[in-house]
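Right, one structure below, let's go through it.
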Amino acid sequence: MADYDNRAVRGQSGALAGIDAGLRSYMLRVYNYMLAGLALTGITSYGAYLATVTADPATAAARLPNGVLLTSFGVALFSGPLMWILLLGSLGLVMFLSFRISKMSVIAAQISFLAYAALIGVTLASLFVVYTQTSIAQVFFITAATFVR
């Protein structure tokens, strides 16, 4: 894009204007899909965090070194085999998408992308244990906002 020079087409209109409008429309759709995926990742990661952490010491299954109290689901998600299943599942979904994307329908590709975004959100919920809720939410939604056009 750095070498793009449109001096040769500045005086032309018609067909080139139609191409520009079509390209703009296409790129807006791509950015909207990315916005939806990033927002879904942020929402699912925050929801998974809320399901894994408790404030009540009586219902806590474990206490982390930083003082965070985990529920039994949190222990399974962050330290058990479920975390490996999520990590390998997301890797498997990436491989599935990369091998099958050219043969998938548009709807199937969109659903697979959104499923991947949700799976990554649950997997990344462990970040909420280390960082503050506000900082993680800000990062997800600021990144999603970069795709708003």
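Chain labels follow the order of the structure tokens: the first chain is A, the next B, and so on; residue numbering restarts at 1 in every chain, and ligands are counted from 1 in their shown order.
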Q: Return as a VMD selection string the full set of residues in chain A whose backbone-based DSSP assignment is strand (DSSP E).
A: chain A and resid 53 to 54 62 to 63 69 to 70
Q.
Can you pull out the residues contacting Val130 of chain A? Cut-off 12 Å, using only C-alpha atoms, and skip same-chain residues under 2 positions away; I want them as a ChimeraX atom specification.
A. /A:49,64-68,78,124-128,132-136
Q: Within 8 Å of Ala62 of chain A, counting only C-alpha atoms, which residues show up once you throw out same-chain ones fewer than 6 positions away? Write them as number ranges by chain, please.
A: A: 69-72, 75
(Q) Rounded to one decimal, what separation in Å do you get between atom CA of Ala51 of chain A and atom CA of Tyr33 of chain A? (A) 26.7 Å
**Q.** Filtered DSSP result for chain A, state alpha helix (DSSP H), as a VMD selection string
**A.** chain A and resid 15 to 52 72 to 79 81 to 100 106 to 123 127 to 130 133 to 145
For the residues in that selection, give me C-alpha atoms as a short mmCIF file (atom, residue, chain, number, x, y, z; two decimals), in the first residue's frame.
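Below is the file part-v9.cif, written as the result:
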data_model
loop_
_atom_site.label_atom_id
_atom_site.label_comp_id
_atom_site.auth_asym_id
_atom_site.auth_seq_id
_atom_site.Cartn_x
_atom_site.Cartn_y
_atom_site.Cartn_z
CA ALA A 15 -16.06 2.04 -13.78
CA LEU A 16 -13.26 2.89 -11.36
CA ALA A 17 -15.69 4.60 -9.01
CA GLY A 18 -17.79 1.44 -9.05
CA ILE A 19 -14.75 -0.66 -8.23
CA ASP A 20 -13.87 1.67 -5.35
CA ALA A 21 -17.44 1.48 -4.00
CA GLY A 22 -17.44 -2.32 -4.26
CA LEU A 23 -14.08 -2.60 -2.55
CA ARG A 24 -15.22 -0.26 0.21
CA SER A 25 -18.37 -2.32 0.72
CA TYR A 26 -16.36 -5.55 0.87
CA MET A 27 -13.85 -4.13 3.34
CA LEU A 28 -16.67 -2.81 5.55
CA ARG A 29 -18.10 -6.34 5.74
CA VAL A 30 -14.67 -7.75 6.64
CA TYR A 31 -14.20 -5.15 9.37
CA ASN A 32 -17.68 -5.81 10.74
CA TYR A 33 -16.94 -9.55 10.97
CA MET A 34 -13.71 -8.81 12.81
CA LEU A 35 -15.55 -6.43 15.13
CA ALA A 36 -18.14 -9.12 15.90
CA GLY A 37 -15.45 -11.75 16.49
CA LEU A 38 -13.40 -9.58 18.82
CA ALA A 39 -16.47 -8.45 20.75
CA LEU A 40 -17.58 -12.08 21.11
CA THR A 41 -14.10 -13.04 22.35
CA GLY A 42 -14.20 -10.29 24.96
CA ILE A 43 -17.71 -11.14 26.14
CA THR A 44 -17.07 -14.88 26.41
CA SER A 45 -13.76 -14.43 28.18
CA TYR A 46 -15.34 -12.11 30.73
CA GLY A 47 -18.30 -14.47 31.18
CA ALA A 48 -15.99 -17.45 31.66
CA TYR A 49 -13.99 -15.47 34.19
CA LEU A 50 -17.12 -14.65 36.16
CA ALA A 51 -18.02 -18.36 36.19
CA THR A 52 -14.59 -19.37 37.49
CA SER A 72 -14.40 -25.91 41.05
CA PHE A 73 -15.04 -24.96 37.40
CA GLY A 74 -12.18 -22.47 37.64
CA VAL A 75 -9.82 -25.11 38.97
CA ALA A 76 -10.81 -27.45 36.12
CA LEU A 77 -10.51 -24.70 33.53
CA PHE A 78 -7.20 -23.19 34.61
CA SER A 79 -5.29 -26.19 35.94
CA PRO A 81 -7.34 -31.26 31.54
CA LEU A 82 -10.14 -28.96 30.36
CA MET A 83 -7.57 -26.26 29.61
CA TRP A 84 -5.64 -28.68 27.37
CA ILE A 85 -8.86 -29.65 25.62
CA LEU A 86 -9.64 -25.98 24.97
CA LEU A 87 -6.11 -25.25 23.72
CA LEU A 88 -5.99 -28.26 21.44
CA GLY A 89 -9.59 -27.67 20.35
CA SER A 90 -8.77 -24.13 19.24
CA LEU A 91 -5.73 -25.41 17.38
CA GLY A 92 -7.88 -28.09 15.74
CA LEU A 93 -10.48 -25.51 14.74
CA VAL A 94 -7.78 -23.33 13.17
CA MET A 95 -6.52 -26.29 11.18
CA PHE A 96 -10.07 -27.22 10.17
CA LEU A 97 -10.72 -23.67 8.98
CA SER A 98 -7.44 -23.44 7.08
CA PHE A 99 -7.99 -26.74 5.26
CA ARG A 100 -11.71 -26.37 4.57
CA VAL A 106 -20.29 -18.51 3.58
CA ILE A 107 -22.63 -19.26 6.49
CA ALA A 108 -20.55 -22.26 7.61
CA ALA A 109 -17.37 -20.16 7.49
CA GLN A 110 -19.00 -17.38 9.51
CA ILE A 111 -20.31 -19.82 12.11
CA SER A 112 -16.88 -21.49 12.34
CA PHE A 113 -15.23 -18.10 12.79
CA LEU A 114 -17.64 -17.12 15.55
CA ALA A 115 -17.20 -20.52 17.25
CA TYR A 116 -13.44 -19.98 17.11
CA ALA A 117 -13.81 -16.50 18.60
CA ALA A 118 -15.94 -17.86 21.46
CA LEU A 119 -13.52 -20.74 22.10
CA ILE A 120 -10.58 -18.36 22.22
CA GLY A 121 -12.55 -16.15 24.60
CA VAL A 122 -13.03 -19.03 27.04
CA THR A 123 -9.39 -20.03 26.67
CA LEU A 127 -5.82 -13.61 31.60
CA PHE A 128 -8.48 -12.16 33.89
CA VAL A 129 -6.92 -14.02 36.81
CA VAL A 130 -3.59 -12.29 36.25
CA GLN A 133 -10.91 -7.00 34.68
CA THR A 134 -11.00 -3.41 33.52
CA SER A 135 -7.67 -3.54 31.69
CA ILE A 136 -8.56 -6.75 29.81
CA ALA A 137 -12.01 -5.50 28.83
CA GLN A 138 -10.50 -2.25 27.62
CA VAL A 139 -7.94 -4.08 25.47
CA PHE A 140 -10.58 -6.31 23.86
CA PHE A 141 -13.00 -3.51 23.13
CA ILE A 142 -10.37 -1.03 22.00
CA THR A 143 -9.10 -3.67 19.58
CA ALA A 144 -12.66 -4.32 18.41
CA ALA A 145 -13.18 -0.57 17.99
#
